[in-house]
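What's in work-v9.cif: mmCIF, C-alpha atoms and all ligand atoms
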data_structure
loop_
_atom_site.label_atom_id
_atom_site.label_comp_id
_atom_site.auth_asym_id
_atom_site.auth_seq_id
_atom_site.Cartn_x
_atom_site.Cartn_y
_atom_site.Cartn_z
CA MET A 1 77.25 79.47 107.07
CA GLU A 2 74.70 81.98 105.82
CA ASN A 3 76.94 83.95 103.48
CA ALA A 4 77.29 81.59 100.56
CA ARG A 5 75.26 82.49 97.47
CA PRO A 6 74.39 80.66 94.24
CA LEU A 7 76.83 81.14 91.36
CA PRO A 8 76.47 84.14 89.07
CA SER A 9 74.55 83.17 85.93
CA TYR A 10 77.50 83.54 83.54
CA LEU A 11 79.34 80.80 85.42
CA VAL A 12 76.26 78.58 85.55
CA GLN A 13 75.94 78.91 81.78
CA ARG A 14 79.60 78.14 81.21
CA TYR A 15 79.42 75.08 83.44
CA HIS A 16 76.44 73.63 81.57
CA GLY A 17 78.22 74.35 78.29
CA TRP A 18 81.26 72.38 79.45
CA LYS A 19 79.12 69.49 80.74
CA ALA A 20 77.28 69.22 77.41
CA THR A 21 80.39 69.35 75.22
CA THR A 22 83.87 68.68 76.67
CA TYR A 23 82.60 66.40 79.41
CA ALA A 24 80.01 64.61 77.26
CA GLU A 25 82.59 63.85 74.58
CA ASN A 26 85.14 62.51 77.09
CA HIS A 27 83.00 61.08 79.88
CA ALA A 28 84.67 57.66 79.83
CA TRP A 29 88.05 59.28 80.32
CA TYR A 30 86.73 61.37 83.24
CA GLU A 31 85.19 58.26 84.81
CA ARG A 32 88.52 56.47 84.51
CA LEU A 33 90.30 59.42 86.15
CA ALA A 34 87.83 59.17 89.03
CA THR A 35 88.09 55.42 89.56
CA GLU A 36 91.84 54.99 88.99
CA GLY A 37 92.89 57.98 91.08
CA GLN A 38 95.49 60.57 90.21
CA ARG A 39 99.02 59.73 89.13
CA PRO A 40 100.51 63.09 88.17
CA ARG A 41 104.18 62.95 87.15
CA ALA A 42 104.83 66.58 88.00
CA MET A 43 104.02 69.09 90.68
CA VAL A 44 103.88 72.74 89.68
CA ILE A 45 104.17 75.65 92.09
CA SER A 46 103.02 78.82 90.35
CA CYS A 47 101.65 82.23 91.26
CA CYS A 48 97.93 82.82 91.92
CA ASP A 49 98.05 85.47 89.17
CA SER A 50 95.16 84.74 86.79
CA ARG A 51 97.39 85.29 83.75
CA VAL A 52 99.68 82.39 84.65
CA HIS A 53 98.25 79.28 83.00
CA VAL A 54 100.59 76.34 83.31
CA THR A 55 98.14 73.82 81.86
CA SER A 56 97.78 75.96 78.71
CA ILE A 57 101.47 76.49 78.04
CA PHE A 58 102.18 72.75 78.35
CA GLY A 59 98.89 71.59 76.80
CA ALA A 60 98.20 69.56 79.93
CA ASP A 61 95.02 67.66 80.72
CA GLN A 62 93.34 66.92 84.03
CA GLY A 63 95.41 64.46 86.02
CA GLU A 64 98.77 65.53 84.62
CA PHE A 65 99.91 68.28 86.98
CA PHE A 66 99.54 68.52 90.73
CA ILE A 67 99.32 72.30 91.02
CA HIS A 68 99.82 74.54 94.02
CA ARG A 69 99.43 78.27 93.58
CA ASN A 70 100.34 81.00 96.01
CA ILE A 71 101.42 84.65 95.95
CA ALA A 72 104.66 84.89 93.89
CA ASN A 73 105.18 81.10 93.62
CA LEU A 74 107.19 81.02 96.84
CA VAL A 75 108.25 78.02 98.86
CA PRO A 76 108.85 78.86 102.52
CA PRO A 77 111.74 77.28 104.43
CA TYR A 78 111.05 73.93 106.11
CA LEU A 79 109.49 74.81 109.48
CA PRO A 80 107.79 71.89 111.27
CA ASP A 81 106.33 73.99 114.11
CA GLY A 82 102.84 72.47 114.25
CA ASP A 83 101.26 75.53 112.59
CA HIS A 84 99.22 75.76 109.35
CA HIS A 85 101.47 75.50 106.28
CA GLY A 86 99.51 75.13 103.04
CA THR A 87 102.43 75.21 100.63
CA SER A 88 104.49 72.80 102.72
CA ALA A 89 101.50 70.43 102.99
CA ALA A 90 101.09 70.39 99.20
CA ILE A 91 104.81 69.68 98.71
CA GLU A 92 104.76 66.91 101.33
CA TYR A 93 101.76 65.23 99.69
CA ALA A 94 103.16 65.50 96.16
CA VAL A 95 106.59 64.16 97.07
CA THR A 96 105.84 61.55 99.75
CA ALA A 97 102.37 60.27 98.74
CA LEU A 98 102.07 60.90 94.97
CA LYS A 99 105.82 60.48 94.42
CA VAL A 100 105.98 62.98 91.57
CA THR A 101 109.20 62.77 89.59
CA HIS A 102 109.38 66.46 88.62
CA LEU A 103 108.81 69.53 90.76
CA ILE A 104 108.52 72.73 88.75
CA VAL A 105 108.56 76.25 90.22
CA LEU A 106 107.07 78.62 87.65
CA GLY A 107 107.67 82.35 88.07
CA HIS A 108 106.28 85.04 85.79
CA SER A 109 106.63 88.61 84.50
CA GLN A 110 104.63 91.53 85.97
CA CYS A 111 104.25 89.68 89.30
CA GLY A 112 102.37 91.90 91.75
CA GLY A 113 103.69 90.01 94.77
CA VAL A 114 107.31 90.48 93.71
CA GLN A 115 106.66 94.17 93.00
CA GLY A 116 105.19 94.48 96.49
CA CYS A 117 108.38 93.02 97.93
CA ILE A 118 110.48 95.54 95.97
CA ASP A 119 108.27 98.36 97.28
CA MET A 120 108.61 97.00 100.82
CA CYS A 121 112.41 96.82 100.51
CA ASN A 122 112.40 100.48 99.34
CA GLY A 123 110.21 101.63 102.22
CA LYS A 124 107.36 102.43 99.81
CA ALA A 125 104.82 99.95 101.15
CA PRO A 126 104.19 100.51 104.86
CA GLN A 127 100.89 98.62 104.56
CA LEU A 128 102.85 95.49 103.62
CA GLU A 129 105.21 95.94 106.55
CA ALA A 130 102.34 95.80 109.05
CA LYS A 131 102.36 92.63 111.14
CA GLU A 132 98.76 91.96 110.07
CA SER A 133 99.61 91.88 106.35
CA PHE A 134 99.54 88.25 105.23
CA VAL A 135 100.95 89.29 101.84
CA GLY A 136 103.76 91.27 103.43
CA ARG A 137 104.76 88.47 105.82
CA TRP A 138 104.57 85.96 102.96
CA MET A 139 106.83 88.15 100.78
CA ASP A 140 109.39 88.25 103.63
CA ILE A 141 110.47 84.87 102.21
CA LEU A 142 111.94 86.71 99.20
CA LYS A 143 113.44 89.72 101.01
CA PRO A 144 116.93 88.20 101.56
CA LYS A 145 117.36 88.06 97.76
CA TYR A 146 116.80 91.80 97.31
CA ASP A 147 120.52 92.55 97.67
CA LEU A 148 121.09 90.70 94.38
CA VAL A 149 118.94 93.15 92.42
CA SER A 150 119.11 96.37 94.46
CA ASP A 151 121.72 97.90 92.09
CA ILE A 152 119.59 97.48 88.95
CA GLU A 153 118.41 100.99 88.07
CA ASP A 154 115.80 100.18 85.45
CA ALA A 155 112.67 99.35 87.45
CA VAL A 156 111.21 97.00 84.85
CA GLU A 157 114.44 95.02 84.52
CA GLN A 158 114.85 94.95 88.30
CA ALA A 159 111.40 93.43 88.72
CA ARG A 160 112.06 90.83 86.02
CA GLN A 161 115.33 89.81 87.70
CA PHE A 162 113.69 89.68 91.13
CA GLU A 163 110.91 87.48 89.74
CA ARG A 164 113.61 85.06 88.61
CA GLN A 165 115.21 85.25 92.07
CA ALA A 166 111.86 84.27 93.59
CA VAL A 167 112.13 81.03 91.62
CA VAL A 168 115.70 80.46 92.82
CA ALA A 169 114.71 81.17 96.45
CA SER A 170 111.92 78.60 96.16
CA LEU A 171 114.26 75.98 94.70
CA GLU A 172 116.72 76.60 97.55
CA ASN A 173 113.98 76.40 100.17
CA LEU A 174 112.64 73.18 98.63
CA MET A 175 115.97 71.54 99.44
CA SER A 176 115.45 72.40 103.14
CA PHE A 177 112.60 69.84 103.22
CA PRO A 178 114.24 66.53 104.21
CA PHE A 179 111.92 64.42 102.03
CA VAL A 180 112.63 66.66 99.01
CA ALA A 181 116.38 66.59 99.58
CA SER A 182 116.47 62.80 99.93
CA ALA A 183 114.31 62.28 96.80
CA VAL A 184 116.59 64.63 94.83
CA GLU A 185 119.69 62.88 96.15
CA ASP A 186 118.48 59.42 95.17
CA ASP A 187 117.44 60.75 91.73
CA SER A 188 113.74 59.96 92.09
CA LEU A 189 112.85 63.68 91.94
CA SER A 190 114.19 66.52 89.81
CA LEU A 191 113.65 70.19 90.53
CA HIS A 192 113.07 72.72 87.75
CA GLY A 193 112.94 76.52 87.83
CA LEU A 194 111.00 78.33 85.11
CA TRP A 195 110.03 81.93 84.42
CA THR A 196 107.42 82.92 81.86
CA ASP A 197 107.10 86.26 80.08
CA ILE A 198 103.35 86.71 79.87
CA GLY A 199 103.25 89.31 77.09
CA ALA A 200 105.84 87.62 74.86
CA GLY A 201 104.79 84.04 75.60
CA GLY A 202 108.41 83.34 76.52
CA LEU A 203 109.65 80.59 78.80
CA GLU A 204 113.05 80.41 80.48
CA TYR A 205 114.63 77.74 82.65
CA TYR A 206 117.16 78.12 85.44
CA ASP A 207 120.57 76.77 84.50
CA PRO A 208 122.48 75.98 87.71
CA ALA A 209 125.88 75.86 85.95
CA SER A 210 125.70 79.51 84.86
CA GLN A 211 123.20 80.53 87.58
CA LYS A 212 121.23 82.21 84.83
CA PHE A 213 117.86 81.76 83.16
CA LYS A 214 117.97 80.65 79.53
CA PRO A 215 115.23 80.32 76.87
CA VAL A 216 113.56 76.91 76.70
ZN ZN B 301 102.69 86.67 90.57
#
Could I get this structure in the form of structure tokens?
Amino acid sequence: MENARPLPSYLVQRYHGWKATTYAENHAWYERLATEGQRPRAMVISCCDSRVHVTSIFGADQGEFFIHRNIANLVPPYLPDGDHHGTSAAIEYAVTALKVTHLIVLGHSQCGGVQGCIDMCNGKAPQLEAKESFVGRWMDILKPKYDLVSDIEDAVEQARQFERQAVVASLENLMSFPFVASAVEDDSLSLHGLWTDIGAGGLEYYDPASQKFKPV
């Protein structure tokens, strides 16, 4: 591999700053994390979007959340076909090996992946419809939910509702994994759907009784 380069200097400086302060002040705690292994109580599936910061909004430290991020916080359906499945692998490890007790799907406002899916459903994104588009094929997971929001005329509101539907689709697909379904059924795992409004700092949870999102 000849293409890897040293870090840009601003990151080198930031690293040394962290090592000399945060790490130095808490080194015993870090050493204990290393020797005792991880025991996170919750897994979080969130979007790759750099504005989504689950550890900040819950004030979480290292070791607390087992986090998987992908485009639009989507969980694909259970498909044990021997192929590469990063999201499914993370879920399997969290549920069967780490035995997390909470699995949180965190959606967010202004999600580019969800907007891409809307554009694709409206025929406005031929590049995403190409077979070679990894983003497009990934967003196919959400396409069946488009009917639920296709009548919403206001584009901003439509996107916000579709972002919430991405969370619901992921929760539904999680239950197609046999080890998730059995852990939920024997009450050792609870699923949670959340959606965060980045600009307003808002957080909503999915309420299955009303099938609506409500403020936390
Ligand atoms: Zn996103």
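Take the candidates A:Thr22, A:Asn3, A:Ser210, A:Ser50 and check each one against ligand ZN 301 (chain B) using all atoms listed in the file; the shortest distance goes to A:Ser50.
Using only C-alpha atoms and all ligand atoms, we find that the residues with an atom at most 9 Å from any atom of ligand ZN 301 (chain B) are A:Ser46, A:Cys47, A:Cys48, A:Asp49, A:Ser50, A:Arg51, A:Val52, A:Asn70, A:Ile71, A:Ala72, A:Asn73, A:Gly107, A:His108, A:Ser109, A:Gln110, A:Cys111, A:Gly112, A:Gly113, A:Val114, A:Gln115, A:Glu163.
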Grab the residues selected above and save them as a PDB file, in the coordinates of the input with C-alpha atoms.
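Writing done, so here's out_24.pdb:
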ATOM      1  CA  SER A  46     103.020  78.820  90.350  1.00  0.00           C
ATOM      2  CA  CYS A  47     101.650  82.230  91.260  1.00  0.00           C
ATOM      3  CA  CYS A  48      97.930  82.820  91.920  1.00  0.00           C
ATOM      4  CA  ASP A  49      98.050  85.470  89.170  1.00  0.00           C
ATOM      5  CA  SER A  50      95.160  84.740  86.790  1.00  0.00           C
ATOM      6  CA  ARG A  51      97.390  85.290  83.750  1.00  0.00           C
ATOM      7  CA  VAL A  52      99.680  82.390  84.650  1.00  0.00           C
ATOM      8  CA  ASN A  70     100.340  81.000  96.010  1.00  0.00           C
ATOM      9  CA  ILE A  71     101.420  84.650  95.950  1.00  0.00           C
ATOM     10  CA  ALA A  72     104.660  84.890  93.890  1.00  0.00           C
ATOM     11  CA  ASN A  73     105.180  81.100  93.620  1.00  0.00           C
ATOM     12  CA  GLY A 107     107.670  82.350  88.070  1.00  0.00           C
ATOM     13  CA  HIS A 108     106.280  85.040  85.790  1.00  0.00           C
ATOM     14  CA  SER A 109     106.630  88.610  84.500  1.00  0.00           C
ATOM     15  CA  GLN A 110     104.630  91.530  85.970  1.00  0.00           C
ATOM     16  CA  CYS A 111     104.250  89.680  89.300  1.00  0.00           C
ATOM     17  CA  GLY A 112     102.370  91.900  91.750  1.00  0.00           C
ATOM     18  CA  GLY A 113     103.690  90.010  94.770  1.00  0.00           C
ATOM     19  CA  VAL A 114     107.310  90.480  93.710  1.00  0.00           C
ATOM     20  CA  GLN A 115     106.660  94.170  93.000  1.00  0.00           C
ATOM     21  CA  GLU A 163     110.910  87.480  89.740  1.00  0.00           C
TER      22      GLU A 163
END
Rank A:Lys124, A:Arg41, A:His84, A:Arg137 by their smallest atom-to-atom distance to A:Leu189, using only C-alpha atoms, and report the top residue only.
->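 Of A:Lys124, A:Arg41, A:His84, A:Arg137, the one nearest A:Leu189 is A:Arg41, counting only C-alpha atoms.
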Out of A:Ala166, A:Ala24, A:Leu106, A:Leu194, which residue has the shortest atom-to-atom distance to A:Val44 when counting all atoms listed in the file?
->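 When distances to A:Val44 are compared using all atoms listed in the file, the smallest one comes from A:Leu106.
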Can you work out the spacing between atom CA of A:His102 and atom CA of A:Trp29 in Å, to one decimal?
->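 Computing the Euclidean distance for atom CA of A:His102 and atom CA of A:Trp29 yields 24.0 Å.
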Pick out the closest residue to A:Thr96 from this set: A:Leu11, A:Ala209, A:Ala28, A:Met43. Count all atoms listed in the file.
->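 When distances to A:Thr96 are compared using all atoms listed in the file, the smallest one comes from A:Met43.
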Could you please determine the separation between atom CA of A:Asn173 and atom CA of A:Val105 in Å, to one decimal place?
->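 Computing the Euclidean distance for atom CA of A:Asn173 and atom CA of A:Val105 yields 11.3 Å.
Considering the residues A:Tyr23, A:Ile57, A:Tyr78, A:Leu98 and counting all atoms listed in the file, A:Gln38 has its shortest atom-to-atom contact with A:Leu98.
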